[in-house]
Amino acid sequence: MPVTQDELATRFEENRSHLRAVAYRMLGSLSDAEDAVQEGWLKLSRTDVSGVDNLGGWLTTVVGRVCLDMLRSRTSRREDSLETRLPDPVVTDAPSDPAHEAEQVDSIGMAMLVVLDTLPPAERVAFVLHDMFAVPFDDIAPIVDKTPAATRQLASRARRKVQGEVPRGEPNLPRQRKVVDAFLAAARGGDFEALLEILDPGIVLRVDTGVGVLEYVRGAAAVAGRAVMYAKFVTTGRVVVVNGAVGLLSETDGKPTALMAYTFTDGKVAELHIIADPKRLAALGIQAPDGS
């Protein structure tokens, strides 16, 4: 018996948050992820899935294929690469109680998204689907037009790159907050030596100002030397959670003007990502603490 459109819509909504998570990890763009999910719905609405036993798995592979096409198109146009812009952040209010910390476990950090942006499209799809969502290689292979064995190799290559580039994170939000507080205190006082104590020796700073080229700085001394850049966060910043980690959002008249995302390792800041493009931040729809 055919499934009605109302039944399809209900079942699709049950899978929407999962599909959005898949697409966001694939694409690093919230708007592109929404477009990919919508394409998944259009495909579902036009397909007889009465014989599909695992609709969630079917939708995941459909959205995965859409994302692969989008990644390939993006690569051919040389758009949205790590050379031109940072991935979209997911920004939420700072947690008011420790229980909120558990909600961050499934978040994907900015450092991971940055590395995913460097992977070839097929590698990214294979890695995200298998390593992050446990999709079998037999199901991924048709998406990337490879054999299961070749698909396994794609994911393996991506995994090596990720393990070599993504710092080991610090999941404890209260400990992260202490590091951020120390960072702000050092920046407020212009204390270069105190900043060096907080920054990992190999720290990487990436700044996206919206001009089409990322500013890239490596090394604790060089990053500490940009203390003047952090002044706005000292005076107008509020603590938020950015992709599961403590971050800072600078606002003027209630509107976001700059965002600082941290990656923490061993009690130090291992990576620092700053988006200082007010138009881009406004497009993300970041809410004020009261929801206004």
# chains A, B, ... in the order shown; residues from 1 in each chain; ligands from 1
>>> residues_around(residues="region 204-217 of chain A", least_positions_apart="5", cutoff="7 Å", atoms="only C-alpha atoms", output="ChimeraX atom specification")
/A:83-86,222-223,270-277
>>> select_by_dssp(residues="region 72-237 of chain A", states="strand (DSSP E or B)", output="list in words")
Val91, Thr92, Asp93, Leu199, Asp200, Pro201, Gly202, Ile203, Val204, Leu205, Arg206, Val207, Asp208, Glu215, Tyr216, Val217, Arg218 and Gly237 of chain A
>>> write_last_selection(atoms="all heavy atoms", output="tab-separated table (two decimals), in the first residue's frame")
chain	number	residue	atom	x	y	z
A	91	VAL	N	26.09	28.56	17.27
A	91	VAL	CA	26.25	29.35	18.50
A	91	VAL	C	25.01	29.22	19.36
A	91	VAL	O	23.88	29.42	18.89
A	91	VAL	CB	26.49	30.85	18.16
A	91	VAL	CG1	26.73	31.65	19.44
A	91	VAL	CG2	27.67	31.00	17.20
A	92	THR	N	25.21	28.85	20.62
A	92	THR	CA	24.12	28.79	21.59
A	92	THR	C	24.53	29.53	22.85
A	92	THR	O	25.69	29.86	23.04
A	92	THR	CB	23.78	27.33	21.95
A	92	THR	OG1	24.96	26.66	22.42
A	92	THR	CG2	23.26	26.58	20.73
A	93	ASP	N	23.55	29.80	23.71
A	93	ASP	CA	23.85	30.49	24.97
A	93	ASP	C	24.76	29.65	25.84
A	93	ASP	O	24.75	28.41	25.76
A	93	ASP	CB	22.57	30.79	25.74
A	93	ASP	CG	21.78	31.94	25.13
A	93	ASP	OD1	22.39	32.74	24.41
A	93	ASP	OD2	20.56	32.01	25.36
A	199	LEU	N	48.34	29.99	25.81
A	199	LEU	CA	48.32	29.52	24.43
A	199	LEU	C	49.26	28.33	24.24
A	199	LEU	O	50.38	28.32	24.72
A	199	LEU	CB	48.74	30.65	23.48
A	199	LEU	CG	47.94	31.94	23.58
A	199	LEU	CD1	48.52	32.99	22.63
A	199	LEU	CD2	46.47	31.69	23.26
A	200	ASP	N	48.78	27.32	23.51
A	200	ASP	CA	49.64	26.20	23.13
A	200	ASP	C	50.76	26.72	22.22
A	200	ASP	O	50.52	27.60	21.38
A	200	ASP	CB	48.79	25.17	22.38
A	200	ASP	CG	49.58	23.92	22.03
A	200	ASP	OD1	49.68	23.03	22.88
A	200	ASP	OD2	50.10	23.87	20.90
A	201	PRO	N	51.98	26.21	22.37
A	201	PRO	CA	53.09	26.71	21.53
A	201	PRO	C	52.80	26.66	20.04
A	201	PRO	O	53.25	27.52	19.28
A	201	PRO	CB	54.26	25.80	21.91
A	201	PRO	CG	53.95	25.35	23.30
A	201	PRO	CD	52.45	25.22	23.35
A	202	GLY	N	52.04	25.66	19.59
A	202	GLY	CA	51.75	25.53	18.16
A	202	GLY	C	50.39	26.06	17.75
A	202	GLY	O	49.87	25.69	16.69
A	203	ILE	N	49.83	26.94	18.55
A	203	ILE	CA	48.49	27.46	18.28
A	203	ILE	C	48.36	28.04	16.88
A	203	ILE	O	49.30	28.63	16.33
A	203	ILE	CB	48.10	28.53	19.33
A	203	ILE	CG1	46.64	28.98	19.12
A	203	ILE	CG2	49.05	29.70	19.30
A	203	ILE	CD1	46.12	29.91	20.17
A	204	VAL	N	47.17	27.86	16.31
A	204	VAL	CA	46.86	28.45	15.01
A	204	VAL	C	45.69	29.41	15.19
A	204	VAL	O	44.68	29.08	15.83
A	204	VAL	CB	46.48	27.36	13.98
A	204	VAL	CG1	45.92	27.99	12.71
A	204	VAL	CG2	47.68	26.49	13.66
A	205	LEU	N	45.83	30.61	14.63
A	205	LEU	CA	44.77	31.61	14.63
A	205	LEU	C	44.31	31.82	13.18
A	205	LEU	O	45.13	32.05	12.29
A	205	LEU	CB	45.27	32.94	15.21
A	205	LEU	CG	44.39	34.18	14.96
A	205	LEU	CD1	43.07	34.07	15.73
A	205	LEU	CD2	45.14	35.45	15.37
A	206	ARG	N	43.01	31.71	12.98
A	206	ARG	CA	42.43	32.02	11.67
A	206	ARG	C	41.37	33.10	11.86
A	206	ARG	O	40.52	32.98	12.74
A	206	ARG	CB	41.81	30.77	11.03
A	206	ARG	CG	42.80	29.65	10.74
A	206	ARG	CD	42.10	28.45	10.11
A	206	ARG	NE	43.04	27.36	9.83
A	206	ARG	CZ	43.30	26.38	10.69
A	206	ARG	NH1	42.72	26.36	11.88
A	206	ARG	NH2	44.17	25.43	10.37
A	207	VAL	N	41.44	34.13	11.03
A	207	VAL	CA	40.51	35.25	11.14
A	207	VAL	C	39.79	35.44	9.82
A	207	VAL	O	40.43	35.60	8.77
A	207	VAL	CB	41.24	36.56	11.53
A	207	VAL	CG1	40.23	37.69	11.73
A	207	VAL	CG2	42.09	36.35	12.79
A	208	ASP	N	38.47	35.42	9.87
A	208	ASP	CA	37.63	35.61	8.69
A	208	ASP	C	36.93	36.96	8.83
A	208	ASP	O	36.02	37.13	9.63
A	208	ASP	CB	36.60	34.48	8.62
A	208	ASP	CG	35.72	34.54	7.38
A	208	ASP	OD1	35.75	35.57	6.68
A	208	ASP	OD2	34.99	33.57	7.12
A	215	GLU	N	42.98	35.44	7.33
A	215	GLU	CA	44.26	35.76	7.96
A	215	GLU	C	44.68	34.54	8.78
A	215	GLU	O	43.88	33.97	9.52
A	215	GLU	CB	44.11	36.98	8.88
A	215	GLU	CG	45.41	37.39	9.53
A	215	GLU	CD	45.26	38.64	10.38
A	215	GLU	OE1	44.17	39.22	10.41
A	215	GLU	OE2	46.26	39.02	11.03
A	216	TYR	N	45.93	34.15	8.63
A	216	TYR	CA	46.42	32.92	9.25
A	216	TYR	C	47.68	33.24	10.03
A	216	TYR	O	48.63	33.81	9.49
A	216	TYR	CB	46.72	31.89	8.15
A	216	TYR	CG	47.24	30.56	8.63
A	216	TYR	CD1	46.37	29.51	8.90
A	216	TYR	CD2	48.60	30.35	8.79
A	216	TYR	CE1	46.85	28.28	9.32
A	216	TYR	CE2	49.09	29.11	9.21
A	216	TYR	CZ	48.21	28.09	9.47
A	216	TYR	OH	48.68	26.87	9.89
A	217	VAL	N	47.68	32.90	11.33
A	217	VAL	CA	48.83	33.16	12.20
A	217	VAL	C	49.12	31.89	12.98
A	217	VAL	O	48.21	31.25	13.51
A	217	VAL	CB	48.54	34.32	13.19
A	217	VAL	CG1	49.76	34.57	14.07
A	217	VAL	CG2	48.14	35.58	12.44
A	218	ARG	N	50.38	31.50	13.07
A	218	ARG	CA	50.76	30.29	13.81
A	218	ARG	C	51.82	30.63	14.84
A	218	ARG	O	52.73	31.43	14.58
A	218	ARG	CB	51.31	29.22	12.87
A	218	ARG	CG	51.76	27.94	13.59
A	218	ARG	CD	52.32	26.91	12.64
A	218	ARG	NE	51.29	26.26	11.85
A	218	ARG	CZ	50.57	25.22	12.27
A	218	ARG	NH1	50.78	24.71	13.48
A	218	ARG	NH2	49.66	24.68	11.49
A	237	GLY	N	32.24	41.48	24.93
A	237	GLY	CA	32.00	40.06	24.69
A	237	GLY	C	31.15	39.40	25.76
A	237	GLY	O	31.20	39.77	26.93
>>> closest_residue(among="A:Asp48, A:Asp145, A:Asp32, A:Glu170", to="Asp266 (chain A)", atoms="only C-alpha atoms")
A:Glu170
>>> select_by_dssp(residues="region 39-197 of chain A", states="helix (DSSP H, G or I)", output="ChimeraX atom specification")
/A:39-45,55-77,98-104,110-116,121-132,137-144,148-165,173-188,192-197
